[in-house]
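*Asks:* The structure under discussion is supplied below as structure tokens; questions concerning it will follow.
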Amino acid sequence: MSTLKLIACDVLVGLPRKPFALFQPDAEDLDRELARLEIASAVVRHRQCIENFPHWGNDVLAREATGRGSWIPAFALTPDGAPDDHNMETMLARELGRDMRIGWISPREHMFSPRPWCSGKLYGACADARLPLLVDYRGITLDEIEEVLTAFPKLRLIVTQVPRLGRHRSLYALLERHAGLHLCLSSAYSVHEGIPDLVEKFGHARFVWGTSYPEAEGGASVTLLTYAPVSDAARAAIAHGNIERLLAEVKP
Amino acid sequence: MSAPDYFQTAGRSGRALEDVMLIDAHAHFGHGPDFPIVRPTAKALVASMDRLGVLLSCVSAIPAIFGDAEHGNALVADGIREFPDRIFGYFVVDVGYPEKVTAQLAGAKEAGFKGLKVWSYGARPGLPYNHPNYQAVFAFANEHAMPVLAHVFGPELDELEGYFRRFPRIRWLLAHVGSAELEKYMQFARQYPRVYVELCLSACPRGLIEHLVASGLEDKVIWGSDAVFLDQASQLGRVLFAQIPEEAKRKILGQNAARALGFTHRAE
């Protein structure tokens with residue numbers, strides 16, 4: 001059996017101001033983890049986008065990603081754009097020019113509403129560019145997701161840190177309602193028979209894989225997928241195929 | 001970086017472990033109050049065990065923990081009957097109602113249960129472990145030298161400590177090490193020969209297992225998954241990929257549990 005190709009979609013690299021006790025998740029640590037777990041590449045966000053000004057963090061990420069072929073940089077986006085022009089379209093064009101193929105928002109940390117009245121222009125531009133947009137489950141409510149995807153049905157929204165709440169009543173309802181909703185499944189989604197149940201009900205095209213780096217042991221996410229009782233085609237799609245397709249469909 | 005060992009290689013390829021005494025010391029059947037669990041049955045758990053190479057899972061019923069011991073325990077008793085070589089049963093009592101406890105415990109051993117599970121706090125508060133109602137429960141476990149799996153998320157540790165001396169025949173499994181109060185879990189595991197720490201935790205904290213082993217506790221750490229509440233495979237991956245010696249993995253994955261639970265199983 002050939003080794004399953006893995007692309008982790010939820011990496012957050014960078015040192016927090018208050019150090020972790022047992023590890024230091026800098027760029028070198030991430031590279032070691034990718035090698036240890038035989039992960040081909042990773043969608044990488046930078047912690048400086050949270051600990052510091054988001055667009056400062058994007059510049060740090062761009063520098064650290066240079067020369068690292070296994071990193072797929074994901075830039076933090078805000079509805080007001082970046083200084084000095086504070087123009088959302090300019091910001092998006094700049095990041096697409098830096099080869100961005102995926103973005104992320106963090107409404108709670110960056111203190112903006114994820115609802116369309118505030119972030120609608122951002123969602124519209126991402127939808128037009130077919131740019132996948134990551135958002136942490138803990139940073140947006142399910143009612144807000146419902147509102148966003150109702151207003152922007154072509155948006156490709158990927159929710160990370162999906163929790164281990166069994167057959168999640170609200171998420172299942174959202175998946176039924178919105179074809180643009182994608183889930184990133186990592187060890188946070190430690191759900192008995194969860195992946196086969198999702199695939200059985202919704203097909204395998206809207207699920208990608210992650211490791212919850214840096215806080216979680218990545219091996220837990222590896223075995224979540226390698227042992228899941230799904231077809232090889234579904235496993236490969238979740239492991240790498242779906243995110244590769246989404247990234248390839250971006251219109252720069 | 002060292003080359004992948006047998007456990008990592010199996011986990012990376014999704015192959016069942018072979019020739020490893022693999023025991024899941026913390027598992028469940030049945031639904032819980034907050035959300036529906038996908039296929040929370042003995043059959044589905046055994047299918048998961050077969051995919052991973054788990055020889056034995058030690059199971060309590062979620063409905064029993066949440067206030068209906070009588071009918072909840074029956075789920076596990078049925079599982080023991082259906083899969084006698086694969087399921088080890090933890091009995092649960094309605095500890096809030098002492099008039100029921102004696103009668104419930106009287107039927108435990110006959111129904112095939114070999115351990116007790118206790119649970120307090122969490123999102124739906126129960127009685128603290130130092131409540132007098134627990135005396136009869138732990139006295140029963142002590143009399144029959146049964147293991148007790150105790151749900152712990154930090155603050156309960158102090159409530160339990162007095163029992164470690166008072167009931168010297170009980171082997172204690174303190175669940176969810178790493179959830180909080182890590183140093184106290186470790187201190188108890190060092191201090192009390194019959195106290196073990198059990199691993200299941202949805203957060204899968206990075207570096208925890210390495211830290212426990214580096215602290216000299218490789219003989220006191222026990223793997224459990226919390227399936228069917230959690231996914232057995234992802235919880236197993238925490239140990240398979242831990243950066244510790246293979247021999248420590250074998251201890252954590254089953255050898256320690258065999259000792260703590262007081263039974264022997266197929267030898268490695």
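By order of appearance in the structure tokens: chains A, B, ..., then residues from 1 within every chain, and ligands from 1 in the order shown.
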How close does each residue of chain A get to chain B, giving the shortest atom pair and distance in Å to one decimal for every residue with an atom at most 8 Å away, counting only C-alpha atoms, sorted by chain and residue number, as CSV?
*Replies:*
```
residue,atom,partner,partner_atom,distance
A:Met1,CA,B:Ser13,CA,7.7
A:Thr3,CA,B:Ser13,CA,6.4
A:Leu4,CA,B:Ser13,CA,7.2
A:Leu22,CA,B:Gly207,CA,5.7
A:Phe23,CA,B:Gly207,CA,7.1
A:Arg36,CA,B:Met1,CA,7.5
A:Leu37,CA,B:Arg12,CA,7.7
A:Arg164,CA,B:Leu230,CA,6.9
A:Leu165,CA,B:Phe35,CA,6.2
A:Gly166,CA,B:Ile37,CA,4.7
A:Arg167,CA,B:Pro36,CA,5.5
A:His168,CA,B:Phe35,CA,6.6
A:Arg169,CA,B:Phe35,CA,7.3
A:Ser187,CA,B:Ser234,CA,6.2
A:Ala188,CA,B:Ala203,CA,6.2
A:Ser190,CA,B:Asp231,CA,4.8
A:Val191,CA,B:Asp231,CA,4.7
A:His192,CA,B:Asp231,CA,4.0
A:Glu193,CA,B:Val38,CA,5.9
A:Gly194,CA,B:Val38,CA,6.6
A:Asp197,CA,B:Val38,CA,7.3
A:Pro214,CA,B:Arg206,CA,7.5
A:Glu215,CA,B:Arg206,CA,5.7
A:Ala216,CA,B:Arg206,CA,4.6
A:Glu217,CA,B:Arg206,CA,4.2
A:Gly218,CA,B:Arg238,CA,7.7
A:Gly219,CA,B:Gly237,CA,5.0
A:Ala220,CA,B:Gly237,CA,4.2
A:Ser221,CA,B:Ser234,CA,6.0
A:Val222,CA,B:Arg12,CA,6.5
A:Thr223,CA,B:Ser234,CA,5.2
A:Leu224,CA,B:Ser234,CA,4.5
A:Thr226,CA,B:Gly14,CA,4.5
A:Tyr227,CA,B:Gly14,CA,4.7
A:Ala228,CA,B:Ala233,CA,7.8
```
*Asks:* With a distance cut-off of 9 Å and only C-alpha atoms, select the neighbouring residues of B:Met186, excluding the residue or stretch itself and same-chain residues fewer than 3 positions from it, and output the selection as a list in words.
*Replies:*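 With the cut-off at 9 Å, the set is Val177, Glu181, Leu182, Glu183, Ala189, Arg190, Gln191, Tyr196, Val197, Leu212, Ser215 and Leu217 of chain B.
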*Asks:* When you look at stretch 141-146 of chain B with a cut-off of 9 Å (counting only C-alpha atoms), what residues show up, excluding the ones that are within fewer than 4 positions of it in the same chain? I need them as a ChimeraX atom specification.
*Replies:* /B:114-116,136-137,167-172,261-262
*Asks:* May I have the residues within 10 Å of B:Asn256 as a PyMOL selection string, using only C-alpha atoms and disregarding those fewer than 3 positions away in the same chain?
*Replies:* chain B and resi 21+23+25+196+218-223+248+250-253+259-262
*Asks:* Store the residues picked out above in a file with N, CA, C and O atoms, as a PDB file, in the first residue's frame.
*Replies:*
```
ATOM      1  N   MET B  21      -0.404  -6.361  22.980  1.00  0.00           N
ATOM      2  CA  MET B  21      -1.531  -6.441  23.910  1.00  0.00           C
ATOM      3  C   MET B  21      -2.142  -5.046  24.020  1.00  0.00           C
ATOM      4  O   MET B  21      -1.668  -4.208  24.780  1.00  0.00           O
ATOM      5  N   ILE B  23      -5.164  -2.721  24.890  1.00  0.00           N
ATOM      6  CA  ILE B  23      -6.350  -2.678  25.740  1.00  0.00           C
ATOM      7  C   ILE B  23      -6.815  -1.239  25.869  1.00  0.00           C
ATOM      8  O   ILE B  23      -6.037  -0.361  26.236  1.00  0.00           O
ATOM      9  N   ALA B  25      -8.783   1.060  28.020  1.00  0.00           N
ATOM     10  CA  ALA B  25      -9.265   1.006  29.412  1.00  0.00           C
ATOM     11  C   ALA B  25     -10.433   1.950  29.685  1.00  0.00           C
ATOM     12  O   ALA B  25     -10.923   2.001  30.821  1.00  0.00           O
ATOM     13  N   TYR B 196      -3.167   4.813  38.849  1.00  0.00           N
ATOM     14  CA  TYR B 196      -2.710   4.951  37.468  1.00  0.00           C
ATOM     15  C   TYR B 196      -3.372   6.184  36.850  1.00  0.00           C
ATOM     16  O   TYR B 196      -4.431   6.614  37.309  1.00  0.00           O
ATOM     17  N   GLU B 218       6.210   5.702  33.050  1.00  0.00           N
ATOM     18  CA  GLU B 218       5.799   4.822  31.949  1.00  0.00           C
ATOM     19  C   GLU B 218       5.089   3.557  32.444  1.00  0.00           C
ATOM     20  O   GLU B 218       4.370   2.926  31.680  1.00  0.00           O
ATOM     21  N   ASP B 219       5.276   3.194  33.701  1.00  0.00           N
ATOM     22  CA  ASP B 219       4.564   2.031  34.241  1.00  0.00           C
ATOM     23  C   ASP B 219       3.205   2.393  34.835  1.00  0.00           C
ATOM     24  O   ASP B 219       2.476   1.507  35.316  1.00  0.00           O
ATOM     25  N   LYS B 220       2.866   3.681  34.841  1.00  0.00           N
ATOM     26  CA  LYS B 220       1.619   4.105  35.492  1.00  0.00           C
ATOM     27  C   LYS B 220       0.656   4.813  34.523  1.00  0.00           C
ATOM     28  O   LYS B 220      -0.362   5.351  34.951  1.00  0.00           O
ATOM     29  N   VAL B 221       0.985   4.845  33.248  1.00  0.00           N
ATOM     30  CA  VAL B 221       0.137   5.519  32.254  1.00  0.00           C
ATOM     31  C   VAL B 221      -0.616   4.461  31.460  1.00  0.00           C
ATOM     32  O   VAL B 221      -0.033   3.473  31.015  1.00  0.00           O
ATOM     33  N   ILE B 222      -1.906   4.688  31.284  1.00  0.00           N
ATOM     34  CA  ILE B 222      -2.779   3.704  30.646  1.00  0.00           C
ATOM     35  C   ILE B 222      -3.536   4.361  29.501  1.00  0.00           C
ATOM     36  O   ILE B 222      -4.074   5.465  29.658  1.00  0.00           O
ATOM     37  N   TRP B 223      -3.564   3.640  28.362  1.00  0.00           N
ATOM     38  CA  TRP B 223      -4.310   4.164  27.221  1.00  0.00           C
ATOM     39  C   TRP B 223      -5.804   3.872  27.361  1.00  0.00           C
ATOM     40  O   TRP B 223      -6.198   2.752  27.678  1.00  0.00           O
ATOM     41  N   ALA B 248       8.019   1.542  25.987  1.00  0.00           N
ATOM     42  CA  ALA B 248       7.087   2.384  26.749  1.00  0.00           C
ATOM     43  C   ALA B 248       5.709   2.373  26.096  1.00  0.00           C
ATOM     44  O   ALA B 248       4.678   2.376  26.777  1.00  0.00           O
ATOM     45  N   ARG B 250       4.395  -0.111  24.458  1.00  0.00           N
ATOM     46  CA  ARG B 250       3.754  -1.391  24.779  1.00  0.00           C
ATOM     47  C   ARG B 250       3.163  -1.370  26.193  1.00  0.00           C
ATOM     48  O   ARG B 250       2.080  -1.900  26.439  1.00  0.00           O
ATOM     49  N   LYS B 251       3.873  -0.761  27.093  1.00  0.00           N
ATOM     50  CA  LYS B 251       3.351  -0.662  28.456  1.00  0.00           C
ATOM     51  C   LYS B 251       2.071   0.174  28.479  1.00  0.00           C
ATOM     52  O   LYS B 251       1.063  -0.209  29.076  1.00  0.00           O
ATOM     53  N   ILE B 252       2.118   1.331  27.854  1.00  0.00           N
ATOM     54  CA  ILE B 252       0.984   2.260  27.903  1.00  0.00           C
ATOM     55  C   ILE B 252      -0.225   1.678  27.167  1.00  0.00           C
ATOM     56  O   ILE B 252      -1.370   1.866  27.577  1.00  0.00           O
ATOM     57  N   LEU B 253       0.042   0.964  26.085  1.00  0.00           N
ATOM     58  CA  LEU B 253      -1.067   0.471  25.262  1.00  0.00           C
ATOM     59  C   LEU B 253      -1.772  -0.746  25.847  1.00  0.00           C
ATOM     60  O   LEU B 253      -2.862  -1.088  25.384  1.00  0.00           O
ATOM     61  N   ARG B 259      -2.255  -5.061  34.261  1.00  0.00           N
ATOM     62  CA  ARG B 259      -1.908  -5.086  35.681  1.00  0.00           C
ATOM     63  C   ARG B 259      -2.944  -4.309  36.511  1.00  0.00           C
ATOM     64  O   ARG B 259      -3.428  -4.787  37.529  1.00  0.00           O
ATOM     65  N   ALA B 260      -3.304  -3.149  36.044  1.00  0.00           N
ATOM     66  CA  ALA B 260      -4.227  -2.299  36.808  1.00  0.00           C
ATOM     67  C   ALA B 260      -5.623  -2.896  36.890  1.00  0.00           C
ATOM     68  O   ALA B 260      -6.302  -2.768  37.915  1.00  0.00           O
ATOM     69  N   LEU B 261      -6.043  -3.536  35.828  1.00  0.00           N
ATOM     70  CA  LEU B 261      -7.402  -4.064  35.804  1.00  0.00           C
ATOM     71  C   LEU B 261      -7.483  -5.450  36.432  1.00  0.00           C
ATOM     72  O   LEU B 261      -8.571  -5.986  36.633  1.00  0.00           O
ATOM     73  N   GLY B 262      -6.342  -6.028  36.706  1.00  0.00           N
ATOM     74  CA  GLY B 262      -6.345  -7.281  37.451  1.00  0.00           C
ATOM     75  C   GLY B 262      -6.728  -8.485  36.642  1.00  0.00           C
ATOM     76  O   GLY B 262      -7.333  -9.410  37.151  1.00  0.00           O
TER      77      GLY B 262
END
```
*Asks:* Write out as a ChimeraX atom specification each polymer residue whose atoms come within 7 Å of A:Gly180, counting only C-alpha atoms; drop sequence neighbours fewer than 3 positions from it.
*Replies:* /A:153-157
*Asks:* Restricted to C-alpha atoms, what would the selected residues look like written as an mmCIF file, in the first residue's frame?
*Replies:*
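Final output, part-v3.cif:
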```
data_model
loop_
_atom_site.group_PDB
_atom_site.id
_atom_site.type_symbol
_atom_site.label_atom_id
_atom_site.label_comp_id
_atom_site.auth_asym_id
_atom_site.auth_seq_id
_atom_site.Cartn_x
_atom_site.Cartn_y
_atom_site.Cartn_z
ATOM 1 C CA PRO A 153 -23.756 30.833 -1.650
ATOM 2 C CA LYS A 154 -20.651 30.638 -3.867
ATOM 3 C CA LEU A 155 -18.257 31.346 -1.012
ATOM 4 C CA ARG A 156 -15.995 28.387 -0.194
ATOM 5 C CA LEU A 157 -15.935 28.540 3.566
#
```
*Asks:* Among stretch 2-78 of chain B, which residues carry a DSSP assignment of strand (DSSP E), reported as a list in words?
*Replies:*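 Residues meeting the strand (DSSP E) criterion: Ile23, Asp24, Ala25, His26, Ala27, His28, Phe29, Leu56, Ser57, Cys58, Val59, Ser60 and Ala61 of chain B.
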*Asks:* If you keep N, CA and C atoms, can you produce a file of those selected residues as a compact mmCIF listing (two decimals), in the first residue's frame?
*Replies:*
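Below you can see again_26.txt, which holds the result:
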```txt
# COMPACT_ATOMS: atom_id res chain seq x y z
N ILE B 23 -5.16 -2.72 24.89
CA ILE B 23 -6.35 -2.68 25.74
C ILE B 23 -6.81 -1.24 25.87
N ASP B 24 -8.08 -1.02 25.56
CA ASP B 24 -8.68 0.30 25.72
C ASP B 24 -9.37 0.32 27.09
N ALA B 25 -8.78 1.06 28.02
CA ALA B 25 -9.27 1.01 29.41
C ALA B 25 -10.43 1.95 29.68
N HIS B 26 -10.86 2.68 28.68
CA HIS B 26 -11.91 3.68 28.94
C HIS B 26 -12.79 3.81 27.70
N ALA B 27 -13.93 3.13 27.71
CA ALA B 27 -14.84 3.20 26.56
C ALA B 27 -16.28 3.18 27.06
N HIS B 28 -17.19 3.41 26.14
CA HIS B 28 -18.61 3.53 26.50
C HIS B 28 -19.50 2.93 25.42
N PHE B 29 -20.73 2.64 25.83
CA PHE B 29 -21.83 2.39 24.89
C PHE B 29 -22.92 3.42 25.18
N LEU B 56 -9.24 -5.76 23.72
CA LEU B 56 -10.25 -5.66 24.77
C LEU B 56 -10.58 -4.19 25.02
N SER B 57 -11.86 -3.89 25.13
CA SER B 57 -12.27 -2.54 25.54
C SER B 57 -13.03 -2.62 26.85
N CYS B 58 -12.77 -1.67 27.71
CA CYS B 58 -13.37 -1.64 29.04
C CYS B 58 -14.45 -0.56 29.05
N VAL B 59 -15.68 -0.99 29.22
CA VAL B 59 -16.82 -0.17 28.81
C VAL B 59 -17.75 0.12 29.98
N SER B 60 -18.21 1.35 30.05
CA SER B 60 -19.37 1.69 30.89
C SER B 60 -20.41 2.34 30.01
N ALA B 61 -21.64 2.39 30.51
CA ALA B 61 -22.75 2.91 29.70
C ALA B 61 -22.95 4.39 30.00
```
*Asks:* Report the residues of stretch 45-163 of chain A whose backbone DSSP state falls under helix (DSSP H, G or I), written as number ranges by chain.
*Replies:* A: 48-51, 54-65, 88-97, 107-110, 116-129, 137-139, 142-151
*Asks:* What gap, in Å, lies between atom CA of B:Gly112 and atom CA of B:Glu159?
*Replies:*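 Between atom CA of B:Gly112 and atom CA of B:Glu159 the gap is 28.8 Å.
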*Asks:* Quick one: residues within 12 Å of A:Asp59, only C-alpha atoms, excluding same-chain residues fewer than 4 positions away - as an MDAnalysis selection string?
*Replies:* chainID A and resid 45:49 52:55 63:66 73:76 82 94:95 98
*Asks:* Can I get the selection written as a compact mmCIF listing (two decimals), in the first residue's frame, with C-alpha atoms?
*Replies:*
```txt
# COMPACT_ATOMS: atom_id res chain seq x y z
CA ARG A 45 -1.38 30.68 9.03
CA HIS A 46 0.91 32.73 11.24
CA ARG A 47 0.34 33.38 14.93
CA GLN A 48 1.68 36.89 14.51
CA CYS A 49 -1.60 37.61 12.70
CA ASN A 52 0.10 41.20 16.51
CA PHE A 53 -1.47 43.32 13.78
CA PRO A 54 -2.91 40.88 11.20
CA HIS A 55 -1.18 42.39 8.19
CA ARG A 63 9.12 35.96 4.71
CA GLU A 64 9.15 32.63 6.55
CA ALA A 65 7.38 30.80 3.72
CA THR A 66 10.00 31.87 1.19
CA PRO A 73 0.63 30.42 2.96
CA ALA A 74 -2.81 31.54 4.10
CA PHE A 75 -3.12 35.28 4.67
CA ALA A 76 -5.34 36.88 7.28
CA ALA A 82 -4.73 46.76 5.04
CA ARG A 94 -1.80 42.35 -3.11
CA GLU A 95 -2.12 38.98 -1.39
CA ARG A 98 1.96 37.10 -3.35
```
*Asks:* I'd like the contact shell of B:Glu161 - 12 Å cut-off, only C-alpha atoms, skipping same-chain residues fewer than 4 positions apart - returned as a PyMOL selection string.
*Replies:* chain B and resi 129-130+150+152+155-157+165-168+172+174+184-185+187-189+191-192+194-195
*Asks:* Given the choices B:Phe91, B:Phe263, B:Phe138, B:Phe66, which gets closest to B:Gln104 if the distance is worked out from only C-alpha atoms?
*Replies:*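 Closest candidate: B:Phe91.
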*Asks:* At what distance in Å, to one decimal, does atom CA of B:His151 lie from atom CA of B:Ala180?
*Replies:*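 So the answer is 12.4 Å.
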